[in-house]
Amino acid sequence: KAGVTQTPRYLIKTRGQQVTLSCSPISGHRSVSWYQQTPGQGLQFLFEYFSETQRNKGNFPGRFSGRQFSNSRSEMNVSTLELGDSALYLCASSLGLALINEQFFGPGTRLTVL
Amino acid sequence: LAKTTQPISMDSYEGQEVNITCSHNNIATNDYITWYQQFPSQGPRFIIQGYKTKVTNEVASLFIPADRKSSTLSLPRVSLSDTAVYYCLVGAETGANNLFFGTGTRLTVIP
């Protein structure tokens, strides 16, 4: 069974630009969660989607948004990029809701904002 | 929100048992406790999950006291390959909970 895939793996953008990251969950998984990881803040939760609905949201500004499609694939978008948005963005999928089911993580997208 | 507190780092020699404790004083009645392991340049990997008492699988044990305000991940006979960051996660299905991973515990296994 294929694992969670994320594209692109690496991305370089400049301040003010926007970016869209993509995540394909494991087949059959209905929940997709997004996380931001930085050396200083650790692993922080962005949002969780389940059956195309946002179920949970972390403490991030409105510049961070996401969506989930009917095939459970998910995208997250960051608008008006700031230097502090440079991070590893991880996506995880699970059969059911993330907190009570095993989450399977993808390899991440490393975003660098210049 | 059941925020968690873990030690920032721990060192252990190969072959020893390692216990990592996580405090979650505000845990709610329906919250589960889950532990993840993360190696450098990889996404976290599920280790174990529990609700109360003790849970054991092929890689670890999870001890949860009756008041559930803390939990202890036990790794038997660690090897160098167990060097990683370990995260404690507390939450439940219902409500607007945040999945709070925090900065985890960096375990270094010494030969």
# chains A, B, ... in the order shown; residues from 1 in each chain; ligands from 1
$ residues_around --residues "Gly106 of chain A" --least-positions-apart "6" --cutoff "9 Å" --atoms "only C-alpha atoms" --output "compact mmCIF listing (two decimals) with all heavy atoms, in the first residue's frame"
# COMPACT_ATOMS: atom_id res chain seq x y z
N GLY A 3 2.33 4.93 0.63
CA GLY A 3 2.24 5.80 1.79
C GLY A 3 1.71 7.17 1.42
O GLY A 3 1.25 7.40 0.30
N VAL A 4 1.80 8.08 2.36
CA VAL A 4 1.36 9.45 2.14
C VAL A 4 2.40 10.15 1.26
O VAL A 4 3.60 10.06 1.53
CB VAL A 4 1.23 10.20 3.48
CG1 VAL A 4 0.85 11.66 3.25
CG2 VAL A 4 0.21 9.50 4.37
N THR A 5 1.94 10.81 0.23
CA THR A 5 2.86 11.53 -0.63
C THR A 5 2.58 13.03 -0.59
O THR A 5 1.42 13.45 -0.46
CB THR A 5 2.77 11.04 -2.09
OG1 THR A 5 1.42 11.21 -2.55
CG2 THR A 5 3.15 9.57 -2.20
N GLN A 6 3.65 13.79 -0.66
CA GLN A 6 3.53 15.24 -0.64
C GLN A 6 4.33 15.83 -1.80
O GLN A 6 5.44 15.37 -2.09
CB GLN A 6 4.06 15.83 0.67
CG GLN A 6 3.24 15.45 1.89
CD GLN A 6 3.72 16.15 3.14
OE1 GLN A 6 4.18 15.53 4.09
NE2 GLN A 6 3.60 17.48 3.15
N CYS A 23 -1.09 17.11 -0.83
CA CYS A 23 -0.94 15.89 -0.04
C CYS A 23 -1.91 14.83 -0.53
O CYS A 23 -3.11 15.08 -0.64
CB CYS A 23 -1.21 16.20 1.43
SG CYS A 23 -1.26 14.74 2.51
N SER A 24 -1.38 13.65 -0.83
CA SER A 24 -2.22 12.52 -1.21
C SER A 24 -2.18 11.50 -0.09
O SER A 24 -1.11 10.95 0.21
CB SER A 24 -1.73 11.89 -2.51
OG SER A 24 -1.93 12.77 -3.59
N PRO A 25 -3.31 11.24 0.56
CA PRO A 25 -3.31 10.32 1.71
C PRO A 25 -3.25 8.87 1.27
O PRO A 25 -3.36 8.56 0.08
CB PRO A 25 -4.66 10.62 2.37
CG PRO A 25 -5.54 11.04 1.23
CD PRO A 25 -4.64 11.79 0.29
N LEU A 90 4.31 19.22 7.07
CA LEU A 90 4.01 17.79 7.07
C LEU A 90 2.52 17.56 6.95
O LEU A 90 1.71 18.28 7.53
CB LEU A 90 4.52 17.15 8.36
CG LEU A 90 6.03 17.08 8.54
CD1 LEU A 90 6.40 16.89 9.99
CD2 LEU A 90 6.60 15.94 7.70
N CYS A 91 2.21 16.53 6.22
CA CYS A 91 0.82 16.12 6.07
C CYS A 91 0.71 14.71 6.64
O CYS A 91 1.66 13.92 6.53
CB CYS A 91 0.48 16.16 4.58
SG CYS A 91 -0.82 15.07 4.04
N ALA A 92 -0.40 14.42 7.29
CA ALA A 92 -0.62 13.08 7.83
C ALA A 92 -2.03 12.63 7.51
O ALA A 92 -2.96 13.44 7.49
CB ALA A 92 -0.43 13.08 9.35
N SER A 93 -2.19 11.35 7.25
CA SER A 93 -3.54 10.82 7.01
C SER A 93 -3.86 9.73 8.02
O SER A 93 -2.97 9.10 8.59
CB SER A 93 -3.66 10.29 5.58
OG SER A 93 -3.03 9.03 5.41
N GLN B 42 12.42 13.10 8.73
CA GLN B 42 11.27 12.22 8.47
C GLN B 42 10.06 12.74 9.23
O GLN B 42 10.20 13.46 10.21
CB GLN B 42 11.57 10.79 8.92
CG GLN B 42 12.66 10.09 8.15
CD GLN B 42 12.82 8.65 8.60
OE1 GLN B 42 11.87 8.04 9.10
NE2 GLN B 42 14.00 8.09 8.42
N GLY B 43 8.88 12.32 8.79
CA GLY B 43 7.68 12.64 9.54
C GLY B 43 7.57 11.74 10.75
O GLY B 43 8.18 10.67 10.81
N PRO B 44 6.81 12.14 11.78
CA PRO B 44 6.64 11.30 12.97
C PRO B 44 6.01 9.95 12.63
O PRO B 44 5.30 9.81 11.64
CB PRO B 44 5.70 12.14 13.84
CG PRO B 44 5.90 13.54 13.39
CD PRO B 44 6.15 13.43 11.91
$ residues_around --residues "Phe101 of chain B" --least-positions-apart "3" --cutoff "7 Å" --atoms "only C-alpha atoms" --output "PyMOL selection string"
(chain A and resi 43-44) or (chain B and resi 87-89+104)
$ interface_residues --of "chain B" --to "chain A" --cutoff "9 Å" --atoms "only C-alpha atoms" --output "ChimeraX atom specification"
/B:31-34,41-49,89-93,95-104
$ write_last_selection --atoms "N, CA and C atoms" --output "compact mmCIF listing (two decimals), in the first residue's frame"
# COMPACT_ATOMS: atom_id res chain seq x y z
N ASP B 31 -10.32 12.08 26.44
CA ASP B 31 -9.04 12.23 25.73
C ASP B 31 -8.27 10.91 25.69
N TYR B 32 -7.62 10.66 24.56
CA TYR B 32 -6.67 9.57 24.42
C TYR B 32 -5.25 10.11 24.52
N ILE B 33 -4.30 9.23 24.82
CA ILE B 33 -2.89 9.60 24.92
C ILE B 33 -2.14 8.81 23.86
N THR B 34 -1.42 9.52 23.02
CA THR B 34 -0.72 8.88 21.90
C THR B 34 0.73 9.35 21.88
N SER B 41 14.66 14.49 9.50
CA SER B 41 14.27 14.55 8.09
C SER B 41 13.15 13.57 7.73
N GLN B 42 12.42 13.10 8.73
CA GLN B 42 11.27 12.22 8.47
C GLN B 42 10.06 12.74 9.23
N GLY B 43 8.88 12.32 8.79
CA GLY B 43 7.68 12.64 9.54
C GLY B 43 7.57 11.74 10.75
N PRO B 44 6.81 12.14 11.78
CA PRO B 44 6.64 11.30 12.97
C PRO B 44 6.01 9.95 12.63
N ARG B 45 6.28 8.98 13.51
CA ARG B 45 5.73 7.64 13.33
C ARG B 45 5.04 7.23 14.61
N PHE B 46 3.84 6.69 14.49
CA PHE B 46 3.03 6.25 15.63
C PHE B 46 3.76 5.15 16.40
N ILE B 47 3.76 5.28 17.75
CA ILE B 47 4.34 4.22 18.58
C ILE B 47 3.25 3.47 19.31
N ILE B 48 2.42 4.20 20.08
CA ILE B 48 1.46 3.53 20.94
C ILE B 48 0.38 4.51 21.36
N GLN B 49 -0.79 3.98 21.69
CA GLN B 49 -1.91 4.82 22.14
C GLN B 49 -2.63 4.12 23.28
N LEU B 89 0.98 13.14 22.75
CA LEU B 89 -0.17 13.85 22.17
C LEU B 89 -1.41 13.46 22.93
N VAL B 90 -2.21 14.46 23.33
CA VAL B 90 -3.41 14.19 24.11
C VAL B 90 -4.60 14.86 23.45
N GLY B 91 -5.68 14.13 23.28
CA GLY B 91 -6.86 14.72 22.68
C GLY B 91 -7.92 13.66 22.43
N ALA B 92 -9.03 14.14 21.84
CA ALA B 92 -10.16 13.26 21.60
C ALA B 92 -10.83 13.63 20.30
N GLU B 93 -11.81 12.86 19.96
CA GLU B 93 -12.47 13.07 18.68
C GLU B 93 -13.36 14.30 18.67
N GLY B 95 -15.10 17.94 19.90
CA GLY B 95 -14.69 19.27 20.33
C GLY B 95 -13.65 19.88 19.43
N ALA B 96 -13.37 21.14 19.66
CA ALA B 96 -12.41 21.87 18.84
C ALA B 96 -11.02 21.74 19.44
N ASN B 97 -10.52 20.51 19.59
CA ASN B 97 -9.20 20.31 20.17
C ASN B 97 -8.10 20.60 19.17
N ASN B 98 -7.02 21.08 19.67
CA ASN B 98 -5.81 21.23 18.87
C ASN B 98 -4.96 19.99 19.03
N LEU B 99 -4.37 19.52 17.97
CA LEU B 99 -3.43 18.41 18.06
C LEU B 99 -2.08 18.99 18.44
N PHE B 100 -1.77 18.99 19.72
CA PHE B 100 -0.60 19.69 20.22
C PHE B 100 0.56 18.73 20.37
N PHE B 101 1.55 18.83 19.48
CA PHE B 101 2.74 17.99 19.57
C PHE B 101 3.82 18.63 20.42
N GLY B 102 3.96 19.91 20.40
CA GLY B 102 5.01 20.56 21.16
C GLY B 102 6.38 20.26 20.61
N THR B 103 7.39 20.37 21.44
CA THR B 103 8.78 20.17 21.00
C THR B 103 9.31 18.78 21.32
N GLY B 104 8.56 18.00 22.06
CA GLY B 104 8.93 16.63 22.30
C GLY B 104 10.13 16.44 23.22
$ closest_residue --among "B:Ser79, B:Asn25, B:Gln37, B:Ser9" --to "Leu107 of chain B" --atoms "only C-alpha atoms"
B:Ser9
$ residues_around --residues "Asp85 of chain A" --least-positions-apart "6" --cutoff "12 Å" --atoms "only C-alpha atoms" --output "VMD selection string"
chain A and resid 11 to 19 36 to 38 41 60 to 61 63 to 64 77 to 79 110 to 114
$ atom_distance --atom1 "atom CA of Thr21 of chain B" --atom2 "atom CA of Leu80 of chain B"
20.3 Å
$ select_by_dssp --residues "chain A" --states "helix (DSSP H, G or I)" --output "PyMOL selection string"
chain A and resi 83-85+98-100
$ select_by_dssp --residues "chain B" --states "strand (DSSP E or B)" --output "number ranges by chain"
B: 5, 9-13, 18-23, 32-38, 45-50, 53-56, 61-64, 70-75, 84-91, 102, 105-110
$ residues_around --residues "Ser23 of chain B" --least-positions-apart "5" --cutoff "10 Å" --atoms "only C-alpha atoms" --output "mmCIF file with N, CA, C and O atoms, in the first residue's frame"
data_model
loop_
_atom_site.group_PDB
_atom_site.id
_atom_site.type_symbol
_atom_site.label_atom_id
_atom_site.label_comp_id
_atom_site.auth_asym_id
_atom_site.auth_seq_id
_atom_site.Cartn_x
_atom_site.Cartn_y
_atom_site.Cartn_z
ATOM 1 N N ALA B 2 -5.831 20.061 26.338
ATOM 2 C CA ALA B 2 -4.970 19.334 27.255
ATOM 3 C C ALA B 2 -3.531 19.500 26.816
ATOM 4 O O ALA B 2 -2.962 18.664 26.109
ATOM 5 N N LYS B 3 -2.873 20.555 27.229
ATOM 6 C CA LYS B 3 -1.495 20.792 26.848
ATOM 7 C C LYS B 3 -0.597 19.819 27.592
ATOM 8 O O LYS B 3 -0.853 19.442 28.719
ATOM 9 N N THR B 4 0.494 19.435 26.938
ATOM 10 C CA THR B 4 1.397 18.451 27.517
ATOM 11 C C THR B 4 2.734 19.065 27.848
ATOM 12 O O THR B 4 3.165 20.037 27.229
ATOM 13 N N THR B 5 3.429 18.477 28.819
ATOM 14 C CA THR B 5 4.764 18.889 29.210
ATOM 15 C C THR B 5 5.649 17.658 29.272
ATOM 16 O O THR B 5 5.307 16.670 29.938
ATOM 17 N N GLN B 6 6.790 17.711 28.556
ATOM 18 C CA GLN B 6 7.745 16.610 28.541
ATOM 19 C C GLN B 6 9.138 17.150 28.799
ATOM 20 O O GLN B 6 9.403 18.325 28.552
ATOM 21 N N PRO B 7 10.066 16.293 29.251
ATOM 22 C CA PRO B 7 11.461 16.750 29.361
ATOM 23 C C PRO B 7 11.991 17.069 27.973
ATOM 24 O O PRO B 7 11.612 16.441 26.988
ATOM 25 N N ARG B 68 -4.868 9.862 35.379
ATOM 26 C CA ARG B 68 -4.582 10.159 33.968
ATOM 27 C C ARG B 68 -3.922 11.522 33.753
ATOM 28 O O ARG B 68 -3.894 12.032 32.632
ATOM 29 N N LYS B 69 -3.370 12.118 34.775
ATOM 30 C CA LYS B 69 -2.733 13.428 34.626
ATOM 31 C C LYS B 69 -1.303 13.326 34.100
ATOM 32 O O LYS B 69 -0.630 14.339 33.864
ATOM 33 N N SER B 70 -0.828 12.118 33.922
ATOM 34 C CA SER B 70 0.480 11.918 33.327
ATOM 35 C C SER B 70 0.477 10.561 32.629
ATOM 36 O O SER B 70 -0.453 9.756 32.821
ATOM 37 N N SER B 71 1.493 10.332 31.825
ATOM 38 C CA SER B 71 1.662 9.020 31.202
ATOM 39 C C SER B 71 3.149 8.794 30.995
ATOM 40 O O SER B 71 3.922 9.767 30.888
ATOM 41 N N THR B 72 3.553 7.532 30.974
ATOM 42 C CA THR B 72 4.964 7.201 30.810
ATOM 43 C C THR B 72 5.145 6.215 29.667
ATOM 44 O O THR B 72 4.543 5.140 29.671
ATOM 45 N N CYS B 88 4.427 13.328 22.919
ATOM 46 C CA CYS B 88 3.224 12.896 23.609
ATOM 47 C C CYS B 88 2.068 13.754 23.118
ATOM 48 O O CYS B 88 2.173 14.981 23.078
ATOM 49 N N VAL B 90 -2.209 14.457 23.330
ATOM 50 C CA VAL B 90 -3.415 14.189 24.111
ATOM 51 C C VAL B 90 -4.605 14.860 23.449
ATOM 52 O O VAL B 90 -4.542 16.035 23.089
#
$ closest_residue --among "B:Val109, B:Val55, B:Ala66, B:Val78" --to "Thr29 of chain B" --atoms "only C-alpha atoms"
B:Ala66
$ atom_distance --atom1 "atom CA of Pro76 of chain B" --atom2 "atom CA of Asn19 of chain B"
8.7 Å
$ atom_distance --atom1 "atom CA of Ser70 of chain A" --atom2 "atom CA of Trp34 of chain A"
17.4 Å
